[in-house]
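What follows is the content of work_39.txt, which has compact mmCIF, C-alpha atoms and all ligand atoms:
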```
# COMPACT_ATOMS: atom_id res chain seq x y z
CA MET A 1 18.23 1.78 22.75
CA GLY A 2 19.30 -1.74 21.90
CA LEU A 3 20.27 -4.22 19.27
CA GLU A 4 17.16 -5.48 17.47
CA LYS A 5 16.64 -8.22 14.89
CA SER A 6 13.80 -8.54 12.43
CA GLU A 7 12.81 -9.51 8.95
CA ALA A 8 12.32 -6.42 6.81
CA ILE A 9 11.31 -5.19 3.36
CA LEU A 10 13.12 -2.19 1.90
CA LEU A 11 10.72 0.64 1.06
CA ARG A 12 13.16 3.35 -0.01
CA SER A 13 16.74 4.46 0.18
CA VAL A 14 18.37 7.85 -0.26
CA ALA A 15 22.01 8.90 -0.35
CA TRP A 16 23.16 10.18 3.04
CA SER A 17 26.82 10.76 2.38
CA GLU A 18 29.30 9.70 -0.25
CA THR A 19 29.44 6.24 1.27
CA SER A 20 26.19 5.83 3.23
CA LEU A 21 22.46 5.50 2.69
CA VAL A 22 19.41 6.28 4.75
CA VAL A 23 17.09 3.34 4.30
CA THR A 24 13.43 2.98 5.22
CA LEU A 25 12.41 -0.57 5.98
CA PHE A 26 9.14 -2.13 6.98
CA THR A 27 9.97 -4.70 9.63
CA ARG A 28 7.91 -7.60 10.91
CA THR A 29 8.35 -6.67 14.57
CA HIS A 30 8.93 -2.89 14.76
CA GLY A 31 6.84 -1.50 11.91
CA LYS A 32 8.62 1.14 9.86
CA VAL A 33 12.26 1.82 10.65
CA SER A 34 14.48 4.56 9.21
CA ALA A 35 18.15 3.82 9.60
CA VAL A 36 21.58 4.87 8.43
CA ALA A 37 23.39 2.12 6.50
CA LYS A 38 27.06 3.09 6.77
CA GLY A 39 29.22 2.06 3.85
CA ALA A 40 26.22 0.91 1.80
CA ARG A 41 27.32 2.99 -1.20
CA ARG A 42 30.82 1.55 -1.26
CA LEU A 43 31.74 -0.84 -4.03
CA LYS A 44 32.23 -3.52 -1.42
CA SER A 45 29.18 -2.77 0.68
CA PRO A 46 28.84 -4.76 3.90
CA PHE A 47 25.16 -5.23 2.96
CA GLU A 48 25.84 -6.60 -0.54
CA ASN A 49 22.51 -6.68 -2.44
CA ALA A 50 20.25 -6.83 0.62
CA LEU A 51 19.38 -3.15 0.18
CA ASP A 52 17.75 -3.35 -3.23
CA LEU A 53 14.28 -1.82 -3.33
CA LEU A 54 11.58 -4.22 -2.11
CA ALA A 55 14.13 -6.87 -1.19
CA ARG A 56 13.25 -8.90 1.88
CA SER A 57 16.12 -9.39 4.28
CA GLN A 58 17.03 -10.37 7.80
CA ILE A 59 18.33 -7.27 9.54
CA VAL A 60 20.03 -6.22 12.75
CA PHE A 61 19.71 -2.59 13.81
CA ILE A 62 20.31 -0.32 16.76
CA GLU A 63 17.10 1.36 17.79
CA LYS A 64 17.58 5.01 18.78
CA ALA A 65 15.33 7.10 20.95
CA ASN A 66 13.25 10.07 19.75
CA ASP A 67 13.66 11.25 16.18
CA THR A 68 17.25 10.09 15.75
CA LEU A 69 17.79 7.68 12.89
CA ASP A 70 18.38 4.05 13.80
CA ILE A 71 21.58 2.38 12.68
CA LEU A 72 21.52 -0.64 10.41
CA THR A 73 24.36 -2.97 11.31
CA GLU A 74 23.50 -6.08 9.27
CA ALA A 75 21.26 -7.07 6.38
CA LYS A 76 21.19 -10.49 4.77
CA LEU A 77 19.15 -10.99 1.64
CA VAL A 78 16.24 -13.43 1.88
CA ARG A 79 14.45 -12.66 -1.40
CA ARG A 80 14.82 -10.14 -4.19
CA PHE A 81 11.83 -8.50 -5.87
CA LYS A 82 11.95 -9.58 -9.49
CA GLY A 83 8.83 -7.71 -10.65
CA GLY A 84 10.90 -5.49 -12.93
CA GLN A 85 11.70 -8.50 -15.08
CA ARG A 86 7.96 -9.09 -15.62
CA SER A 87 6.72 -5.69 -16.77
CA LEU A 88 7.00 -2.00 -15.95
CA LEU A 89 3.46 -2.10 -14.58
CA THR A 90 4.45 -4.88 -12.17
CA LEU A 91 7.52 -2.91 -11.11
CA TYR A 92 5.58 0.31 -10.54
CA SER A 93 2.87 -1.59 -8.68
CA GLY A 94 5.54 -2.89 -6.29
CA TYR A 95 6.93 0.63 -5.84
CA TYR A 96 3.41 1.91 -5.20
CA LEU A 97 2.85 -0.61 -2.38
CA ALA A 98 6.13 0.61 -0.86
CA GLU A 99 5.18 4.30 -1.19
CA LEU A 100 1.73 3.67 0.28
CA THR A 101 3.24 1.81 3.24
CA HIS A 102 5.82 4.55 3.77
CA VAL A 103 3.33 7.41 3.61
CA LEU A 104 0.62 5.90 5.85
CA THR A 105 2.76 4.49 8.68
CA GLU A 106 4.82 5.97 11.53
CA ASN A 107 8.23 4.77 12.67
CA HIS A 108 8.37 2.11 15.37
CA GLN A 109 4.67 1.27 15.36
CA PRO A 110 4.44 -2.50 15.04
CA MET A 111 1.97 -3.79 12.42
CA GLU A 112 2.88 -7.43 12.01
CA SER A 113 -0.18 -8.25 9.90
CA HIS A 114 0.81 -5.55 7.42
CA PHE A 115 4.27 -7.02 7.05
CA GLY A 116 2.61 -10.29 6.03
CA VAL A 117 0.29 -8.60 3.53
CA LEU A 118 3.12 -6.58 1.96
CA ASP A 119 5.29 -9.66 1.71
CA GLU A 120 2.49 -11.72 0.14
CA ALA A 121 1.63 -8.94 -2.33
CA LEU A 122 5.23 -8.75 -3.55
CA VAL A 123 5.36 -12.53 -3.98
CA LYS A 124 2.10 -12.41 -5.98
CA LEU A 125 3.51 -9.69 -8.25
CA ASP A 126 6.63 -11.82 -8.73
CA GLU A 127 4.40 -14.75 -9.67
CA MET A 128 2.84 -12.59 -12.40
CA GLU A 129 -0.53 -12.19 -10.71
CA ASP A 130 -2.58 -9.36 -12.28
CA PRO A 131 -1.14 -6.15 -10.71
CA ALA A 132 -4.63 -4.59 -10.62
CA LYS A 133 -5.86 -7.34 -8.29
CA VAL A 134 -2.80 -7.22 -6.08
CA VAL A 135 -2.90 -3.42 -5.73
CA LEU A 136 -6.61 -3.26 -4.87
CA GLY A 137 -6.55 -6.22 -2.48
CA PHE A 138 -3.50 -4.77 -0.77
CA GLU A 139 -5.03 -1.28 -0.44
CA MET A 140 -8.16 -2.69 1.15
CA GLU A 141 -6.28 -4.87 3.67
CA PHE A 142 -4.00 -1.99 4.54
CA LEU A 143 -6.92 0.42 5.10
CA ARG A 144 -8.54 -2.21 7.31
CA SER A 145 -5.45 -2.62 9.50
CA LEU A 146 -5.09 1.16 9.77
CA GLY A 147 -8.73 1.41 10.91
CA HIS A 148 -9.67 3.43 7.81
CA LEU A 149 -11.61 0.88 5.80
CA PRO A 150 -14.39 2.77 3.99
CA THR A 151 -17.98 1.59 4.41
CA PHE A 152 -19.66 0.36 1.24
CA GLU A 153 -22.86 -1.00 2.77
CA LEU A 154 -23.92 1.19 5.68
CA CYS A 155 -24.10 4.97 5.61
CA ALA A 156 -20.85 6.52 6.83
CA GLY A 157 -22.92 9.21 8.56
CA CYS A 158 -25.74 7.43 10.41
CA GLY A 159 -24.99 3.72 10.03
CA ASN A 160 -28.28 2.87 8.30
CA SER A 161 -28.18 0.68 5.22
CA VAL A 162 -28.03 2.62 1.97
CA GLU A 163 -30.01 1.80 -1.15
CA SER A 164 -28.80 2.77 -4.59
CA GLY A 165 -30.40 6.00 -5.71
CA ARG A 166 -30.84 7.81 -8.99
CA ASN A 167 -29.68 5.80 -12.03
CA ARG A 168 -28.65 2.90 -9.79
CA SER A 169 -25.80 4.88 -8.33
CA TYR A 170 -24.43 5.56 -4.86
CA LEU A 171 -22.99 8.66 -3.26
CA PHE A 172 -19.58 8.03 -1.76
CA GLY A 173 -18.23 10.59 0.70
CA ILE A 174 -14.45 10.90 0.61
CA ASP A 175 -14.26 12.87 3.87
CA ALA A 176 -17.05 10.82 5.48
CA GLY A 177 -15.30 7.57 4.57
CA GLY A 178 -18.05 5.70 2.78
CA VAL A 179 -21.44 5.61 1.11
CA LEU A 180 -23.97 8.19 2.26
CA CYS A 181 -27.75 8.16 2.61
CA ASP A 182 -29.74 11.18 1.37
CA SER A 183 -30.20 12.60 4.87
CA CYS A 184 -26.49 12.53 5.62
CA LEU A 185 -25.50 14.13 2.34
CA ALA A 186 -26.04 17.72 3.51
CA GLY A 187 -22.84 19.57 4.29
CA GLN A 188 -20.61 16.84 2.85
CA HIS A 189 -17.78 17.92 0.60
CA HIS A 190 -15.90 15.63 -1.77
CA VAL A 191 -18.72 13.31 -2.74
CA LEU A 192 -18.38 10.94 -5.70
CA ARG A 193 -21.27 9.41 -7.57
CA LEU A 194 -20.37 5.76 -8.19
CA ARG A 195 -22.26 3.13 -10.15
CA GLU A 196 -23.92 0.20 -8.41
CA GLU A 197 -21.51 -2.25 -10.06
CA THR A 198 -18.54 -0.35 -8.62
CA ILE A 199 -19.93 -0.27 -5.08
CA SER A 200 -20.95 -3.97 -5.20
CA PHE A 201 -17.45 -4.93 -6.23
CA LEU A 202 -15.75 -2.74 -3.61
CA ARG A 203 -18.11 -4.22 -1.01
CA LEU A 204 -16.97 -7.70 -2.00
CA VAL A 205 -13.27 -6.81 -1.81
CA ALA A 206 -13.72 -5.09 1.56
CA ALA A 207 -15.63 -8.02 3.11
CA ASP A 208 -13.86 -9.76 5.97
CA ARG A 209 -13.89 -13.32 4.64
CA GLY A 210 -11.56 -15.58 2.69
CA SER A 211 -8.17 -14.35 1.53
CA TRP A 212 -7.70 -10.76 0.40
CA MET A 213 -6.29 -11.84 -2.95
CA GLU A 214 -9.27 -14.07 -3.68
CA ARG A 215 -11.75 -11.32 -2.88
CA ALA A 216 -10.15 -9.08 -5.49
CA GLY A 217 -10.15 -12.04 -7.86
CA SER A 218 -12.91 -10.99 -10.24
CA TYR A 219 -11.33 -7.62 -11.05
CA GLY A 220 -10.51 -8.87 -14.53
CA ASP A 221 -14.21 -9.54 -15.25
CA LEU A 222 -15.26 -5.94 -14.64
CA SER A 223 -16.14 -3.58 -17.45
CA PRO A 224 -13.46 -0.97 -18.24
CA THR A 225 -15.81 1.74 -16.93
CA THR A 226 -16.09 0.00 -13.58
CA ARG A 227 -12.35 -0.65 -13.39
CA GLY A 228 -11.79 3.04 -14.00
CA GLU A 229 -14.27 4.00 -11.28
CA VAL A 230 -12.78 1.56 -8.77
CA ARG A 231 -9.30 3.05 -9.26
CA PHE A 232 -10.66 6.60 -9.23
CA ALA A 233 -12.48 6.03 -5.93
CA MET A 234 -9.50 4.33 -4.27
CA GLU A 235 -7.09 7.03 -5.44
CA ARG A 236 -9.31 9.84 -4.22
CA PHE A 237 -9.83 8.17 -0.85
CA ILE A 238 -6.14 7.38 -0.31
CA THR A 239 -5.10 10.87 -1.46
CA HIS A 240 -7.44 12.33 1.15
CA LEU A 241 -6.06 10.05 3.86
CA ALA A 242 -2.42 10.74 2.97
CA ASP A 243 -3.12 14.45 2.48
CA ARG A 244 -1.37 14.34 -0.89
CA ARG A 245 -1.42 12.42 -4.13
CA LEU A 246 1.11 9.59 -4.17
CA ARG A 247 3.83 9.93 -6.78
CA LEU A 248 3.41 6.38 -8.09
CA MET A 249 -0.29 6.85 -8.82
CA ASP A 250 0.72 8.60 -12.05
CA PHE A 251 2.45 5.40 -13.16
CA LEU A 252 -0.55 3.15 -12.60
CA GLU A 253 -2.96 4.66 -15.14
CA GLU A 254 -2.94 1.33 -16.98
CA LEU A 255 -4.81 -0.27 -14.07
CA LYS A 256 -7.83 1.84 -14.99
CA ARG A 257 -8.23 0.25 -18.38
ZN ZN A 301 -27.01 8.43 6.79
```
File written out as C-alpha cells:
Amino acid sequence: MGLEKSEAILLRSVAWSETSLVVTLFTRTHGKVSAVAKGARRLKSPFENALDLLARSQIVFIEKANDTLDILTEAKLVRRFKGGQRSLLTLYSGYYLAELTHVLTENHQPMESHFGVLDEALVKLDEMEDPAKVVLGFEMEFLRSLGHLPTFELCAGCGNSVESGRNRSYLFGIDAGGVLCDSCLAGQHHVLRLREETISFLRLVAADRGSWMERAGSYGDLSPTTRGEVRFAMERFITHLADRRLRLMDFLEELKR
C-alpha cells in the first residue's frame, strides 16, 4: 500500500455515491487500476475535467491490497479525446478500445506496451485516421501482447503450413486460435470458412514488422466482402476470448461495409 504516480487513460467511470465515482484507468506503470474518486461528482470536482472518458492524465493514487478499490487522490489532464467531434463512428471506436482493454486485462498487471498502443490509437482517431484501420491494428497488437495472437499461416493444431483449400478458402478455428489443416479439423468446434483474401490480409496485419498502423494501412483497398469477413472473424475470436460479446461491437457495424 503506497502512493503511486502514473500516466493513465480513463476507460470507464460509474457513480459510487452522490458525490463520488469509481473510475477504471489504464496506467502506464500499473496496468489497469480501479479507484474511488471522492468528490468527482461535485460541481467543483478536485479532478476538474481529467476524468472524462478516454482522457489521458497524470494521476496519483493509493494502491490497496487484495480486492479493495484503490483511491485516486489527484488527476491532471494531459489530453482530452476529441473523437466525438469527428464522427459517432470515431467516438464509438474509441469507446470500443476502452471496453476491449477493460474486459481483457486484470487489475495491477503492468502492460506498458499496451498503454503506448492505446494512447497512439486514440491520437490516430483524433487525427481522423480511418477508424477501421485503427480498430483492427489495435486489436492485433493487443492480442499479441496478451499472448493470444491467432495464427494465420501455420496450422493452430500441428504447426505445419496450411494451404488454401476448396474454393481458395481457409478454415479458421475460433477455439484453436488460427487456421487449421485438414488433419487437425476433426473434433474442432467453432470453425469459420474464410476467403484467401481475408486470411492474406489478416496475415499481413498480424506480421511482426513495421508499425501496427501501417500494417493495417490497406484496409480501405479491400472489397466490402473481405472487410465484412475481417470484422466477423475478429469479433468472433475476441468474443470467444472474452467469453461474451462486447457491448460496443453493436455500434461498429459500419466498419464492415
Ligand atoms: Zn494441423
Can you build me a table of chain A residues sitting at most 7 Å from ligand ZN 301 (chain A), with the closest atom pair per residue and its distance in Å to one decimal, using only C-alpha atoms and all ligand atoms, sorted by chain and residue number, as CSV?
```
residue,atom,partner,partner_atom,distance
A:Cys155,CA,A:ZN301,ZN,4.7
A:Ala156,CA,A:ZN301,ZN,6.4
A:Gly157,CA,A:ZN301,ZN,4.5
A:Cys158,CA,A:ZN301,ZN,4.0
A:Gly159,CA,A:ZN301,ZN,6.1
A:Asn160,CA,A:ZN301,ZN,5.9
A:Leu180,CA,A:ZN301,ZN,5.5
A:Cys181,CA,A:ZN301,ZN,4.3
A:Asp182,CA,A:ZN301,ZN,6.7
A:Ser183,CA,A:ZN301,ZN,5.6
A:Cys184,CA,A:ZN301,ZN,4.3
```
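Of the listed residues A:Ser145, A:Asn49, A:Val162, A:Gly173, the one whose atoms come nearest to His240 (chain A) is A:Gly173, with distances taken using only C-alpha atoms.
With distances taken over all atoms listed in the file, A:Gly2 is the one residue among A:Gly2, A:Gly137, A:Gly31, A:Pro46 lying closest to Ile71 (chain A).
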Sorted by chain and rising residue number, which residues of region 100-217 of chain A lie within 9 Å of region 87-90 of chain A, and what are their closest atom pairs and distances in Å to one decimal, counting all atoms listed in the file, as JSON lines?
```
{"residue": "A:Leu125", "atom": "CA", "partner": "A:Thr90", "partner_atom": "CA", "distance": 6.3}
{"residue": "A:Asp126", "atom": "CA", "partner": "A:Thr90", "partner_atom": "CA", "distance": 8.0}
{"residue": "A:Met128", "atom": "CA", "partner": "A:Thr90", "partner_atom": "CA", "distance": 7.9}
{"residue": "A:Glu129", "atom": "CA", "partner": "A:Thr90", "partner_atom": "CA", "distance": 9.0}
{"residue": "A:Asp130", "atom": "CA", "partner": "A:Thr90", "partner_atom": "CA", "distance": 8.3}
{"residue": "A:Pro131", "atom": "CA", "partner": "A:Thr90", "partner_atom": "CA", "distance": 5.9}
```
Which one of A:Leu185, A:Leu21, A:Ala65, A:Met111 sits closest to Leu146 (chain A) if you count all atoms listed in the file? A:Met111
Listing only residues of region 85-171 of chain A within 10 Å of region 199-215 of chain A, what is the closest atom pair and its distance in Å (to one decimal) for each, using all atoms listed in the file, sorted by chain and residue number ascending, as JSON lines?
```
{"residue": "A:Val117", "atom": "CA", "partner": "A:Trp212", "partner_atom": "CA", "distance": 8.8}
{"residue": "A:Glu120", "atom": "CA", "partner": "A:Met213", "partner_atom": "CA", "distance": 9.3}
{"residue": "A:Ala121", "atom": "CA", "partner": "A:Met213", "partner_atom": "CA", "distance": 8.5}
{"residue": "A:Lys124", "atom": "CA", "partner": "A:Met213", "partner_atom": "CA", "distance": 8.9}
{"residue": "A:Glu129", "atom": "CA", "partner": "A:Met213", "partner_atom": "CA", "distance": 9.7}
{"residue": "A:Lys133", "atom": "CA", "partner": "A:Met213", "partner_atom": "CA", "distance": 7.0}
{"residue": "A:Val134", "atom": "CA", "partner": "A:Met213", "partner_atom": "CA", "distance": 6.6}
{"residue": "A:Val135", "atom": "CA", "partner": "A:Met213", "partner_atom": "CA", "distance": 9.5}
{"residue": "A:Leu136", "atom": "CA", "partner": "A:Val205", "partner_atom": "CA", "distance": 8.1}
{"residue": "A:Gly137", "atom": "CA", "partner": "A:Trp212", "partner_atom": "CA", "distance": 5.5}
{"residue": "A:Phe138", "atom": "CA", "partner": "A:Trp212", "partner_atom": "CA", "distance": 7.4}
{"residue": "A:Glu139", "atom": "CA", "partner": "A:Ala206", "partner_atom": "CA", "distance": 9.7}
{"residue": "A:Met140", "atom": "CA", "partner": "A:Ala206", "partner_atom": "CA", "distance": 6.1}
{"residue": "A:Glu141", "atom": "CA", "partner": "A:Trp212", "partner_atom": "CA", "distance": 6.9}
{"residue": "A:Leu143", "atom": "CA", "partner": "A:Ala206", "partner_atom": "CA", "distance": 9.4}
{"residue": "A:Arg144", "atom": "CA", "partner": "A:Ala206", "partner_atom": "CA", "distance": 8.3}
{"residue": "A:Leu149", "atom": "CA", "partner": "A:Ala206", "partner_atom": "CA", "distance": 7.6}
{"residue": "A:Pro150", "atom": "CA", "partner": "A:Ala206", "partner_atom": "CA", "distance": 8.3}
{"residue": "A:Thr151", "atom": "CA", "partner": "A:Arg203", "partner_atom": "CA", "distance": 7.9}
{"residue": "A:Phe152", "atom": "CA", "partner": "A:Arg203", "partner_atom": "CA", "distance": 5.3}
{"residue": "A:Glu153", "atom": "CA", "partner": "A:Arg203", "partner_atom": "CA", "distance": 6.9}
{"residue": "A:Ser164", "atom": "CA", "partner": "A:Ile199", "partner_atom": "CA", "distance": 9.4}
{"residue": "A:Ser169", "atom": "CA", "partner": "A:Ile199", "partner_atom": "CA", "distance": 8.5}
{"residue": "A:Tyr170", "atom": "CA", "partner": "A:Ile199", "partner_atom": "CA", "distance": 7.4}
{"residue": "A:Leu171", "atom": "CA", "partner": "A:Ile199", "partner_atom": "CA", "distance": 9.6}
```
Shortest contact to Ala233 (chain A), candidates A:Ile9, A:Leu248, A:Val179, A:Ile174, atoms counted only C-alpha atoms, goes to A:Ile174
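Atom pair CA of Arg227 (chain A) / CA of Leu194 (chain A): separated by 11.5 Å.
Closest approach to Ser218 (chain A) among A:Val191, A:Ala132, A:Leu69, A:Leu3 is made by A:Ala132 (distances from all atoms listed in the file).
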Is it possible to get the residues within 10 Å of (17.4, 8.2, 16.1) (coordinates as in the file, counting all atoms listed in the file) written as number ranges by chain? A: 1, 33-36, 62-71
Do you have the CA of Lys38 (chain A)-CA of Val60 (chain A) distance handy? 13.1 Å
Using only C-alpha atoms, which protein or nucleic acid residues come within 10 Å of Leu25 (chain A)? Drop anything in the same chain fewer than 6 positions from it, and give the result as a list in words. Glu7, Ala8, Ile9, Leu10, Leu11, Arg12, Ser13, Gly31, Lys32, Val33, Ser34, Ala35, Leu51, Leu53, Leu54, Ala55, Arg56, Ser57, Ile59, Ala98, Thr101, His102 and Asn107 of chain A
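Proximity to Met234 (chain A) was assessed for A:Leu43, A:Phe172, A:Phe251, A:Val123 counting all atoms listed in the file; the smallest distance is recorded for A:Phe172.
You will find CA of Phe115 (chain A) at 6.7 Å from CA of Thr27 (chain A).
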Quick one: axis-aligned box around all listed atoms of region 67-73 of chain A, 8 Å on every side, centre and edge lengths in Å to one decimal, written as JSON.
```
{"center_x": 19.0, "center_y": 4.1, "center_z": 13.3, "size_x": 26.7, "size_y": 30.2, "size_z": 21.8}
```
Given the block above, output region 243-253 of chain A with all heavy atoms as a short mmCIF file (atom, residue, chain, number, x, y, z; two decimals), in the first residue's frame.
```cif
data_model
loop_
_atom_site.label_atom_id
_atom_site.label_comp_id
_atom_site.auth_asym_id
_atom_site.auth_seq_id
_atom_site.Cartn_x
_atom_site.Cartn_y
_atom_site.Cartn_z
N ASP A 243 -15.25 -14.34 -23.56
CA ASP A 243 -16.36 -15.13 -23.04
C ASP A 243 -17.70 -14.41 -23.14
O ASP A 243 -18.67 -14.81 -22.51
CB ASP A 243 -16.09 -15.52 -21.58
CG ASP A 243 -16.38 -16.99 -21.35
OD1 ASP A 243 -16.68 -17.68 -22.35
OD2 ASP A 243 -16.31 -17.45 -20.20
N ARG A 244 -17.75 -13.31 -23.82
CA ARG A 244 -19.01 -12.62 -24.09
C ARG A 244 -18.81 -11.60 -25.21
O ARG A 244 -17.69 -11.14 -25.44
CB ARG A 244 -19.53 -11.91 -22.84
CG ARG A 244 -18.65 -10.77 -22.35
CD ARG A 244 -19.28 -10.19 -21.09
NE ARG A 244 -18.36 -9.36 -20.34
CZ ARG A 244 -18.25 -8.04 -20.51
NH1 ARG A 244 -18.96 -7.43 -21.43
NH2 ARG A 244 -17.41 -7.35 -19.76
N ARG A 245 -19.92 -11.26 -25.86
CA ARG A 245 -19.83 -10.26 -26.91
C ARG A 245 -19.69 -8.88 -26.26
O ARG A 245 -20.39 -8.57 -25.29
CB ARG A 245 -21.11 -10.32 -27.75
CG ARG A 245 -21.10 -9.37 -28.92
CD ARG A 245 -22.31 -9.60 -29.82
NE ARG A 245 -22.50 -8.46 -30.71
CZ ARG A 245 -21.87 -8.31 -31.87
NH1 ARG A 245 -21.03 -9.24 -32.28
NH2 ARG A 245 -22.07 -7.25 -32.62
N LEU A 246 -18.79 -8.07 -26.79
CA LEU A 246 -18.60 -6.73 -26.22
C LEU A 246 -19.75 -5.82 -26.66
O LEU A 246 -20.20 -5.89 -27.79
CB LEU A 246 -17.25 -6.14 -26.66
CG LEU A 246 -16.06 -6.50 -25.76
CD1 LEU A 246 -15.78 -7.99 -25.76
CD2 LEU A 246 -14.82 -5.73 -26.18
N ARG A 247 -20.18 -4.98 -25.72
CA ARG A 247 -21.33 -4.12 -25.96
C ARG A 247 -21.12 -3.21 -27.17
O ARG A 247 -22.00 -3.01 -27.98
CB ARG A 247 -21.54 -3.26 -24.70
CG ARG A 247 -22.89 -2.62 -24.56
CD ARG A 247 -22.99 -1.97 -23.19
NE ARG A 247 -21.99 -0.93 -23.00
CZ ARG A 247 -22.15 0.35 -23.37
NH1 ARG A 247 -23.27 0.73 -23.95
NH2 ARG A 247 -21.20 1.24 -23.18
N LEU A 248 -19.89 -2.67 -27.29
CA LEU A 248 -19.63 -1.69 -28.35
C LEU A 248 -19.58 -2.31 -29.74
O LEU A 248 -19.64 -1.59 -30.73
CB LEU A 248 -18.34 -0.92 -28.04
CG LEU A 248 -18.49 0.46 -27.39
CD1 LEU A 248 -19.37 1.39 -28.23
CD2 LEU A 248 -19.05 0.38 -26.00
N MET A 249 -19.46 -3.63 -29.82
CA MET A 249 -19.42 -4.26 -31.15
C MET A 249 -20.67 -3.92 -31.96
O MET A 249 -20.62 -3.78 -33.18
CB MET A 249 -19.27 -5.78 -31.03
CG MET A 249 -17.87 -6.22 -30.67
SD MET A 249 -17.79 -8.01 -30.45
CE MET A 249 -16.01 -8.21 -30.14
N ASP A 250 -21.80 -3.79 -31.26
CA ASP A 250 -23.05 -3.47 -31.94
C ASP A 250 -23.02 -2.07 -32.58
O ASP A 250 -23.82 -1.78 -33.46
CB ASP A 250 -24.23 -3.52 -30.96
CG ASP A 250 -24.50 -4.94 -30.48
OD1 ASP A 250 -24.04 -5.88 -31.17
OD2 ASP A 250 -25.15 -5.10 -29.44
N PHE A 251 -22.12 -1.24 -32.12
CA PHE A 251 -22.06 0.13 -32.63
C PHE A 251 -21.04 0.29 -33.75
O PHE A 251 -20.83 1.38 -34.25
CB PHE A 251 -21.75 1.11 -31.49
CG PHE A 251 -22.83 1.18 -30.45
CD1 PHE A 251 -22.88 0.27 -29.41
CD2 PHE A 251 -23.82 2.14 -30.52
CE1 PHE A 251 -23.89 0.30 -28.46
CE2 PHE A 251 -24.82 2.19 -29.57
CZ PHE A 251 -24.86 1.29 -28.54
N LEU A 252 -20.38 -0.80 -34.09
CA LEU A 252 -19.30 -0.71 -35.09
C LEU A 252 -19.64 -1.44 -36.39
O LEU A 252 -18.76 -1.77 -37.17
CB LEU A 252 -17.99 -1.27 -34.50
CG LEU A 252 -17.45 -0.52 -33.27
CD1 LEU A 252 -16.15 -1.14 -32.80
CD2 LEU A 252 -17.23 0.97 -33.57
N GLU A 253 -20.93 -1.67 -36.60
CA GLU A 253 -21.37 -2.38 -37.82
C GLU A 253 -20.85 -1.68 -39.10
O GLU A 253 -20.57 -2.32 -40.09
CB GLU A 253 -22.89 -2.48 -37.87
CG GLU A 253 -23.47 -3.45 -36.85
CD GLU A 253 -23.04 -4.89 -37.11
OE1 GLU A 253 -23.19 -5.34 -38.26
OE2 GLU A 253 -22.53 -5.54 -36.18
#
```
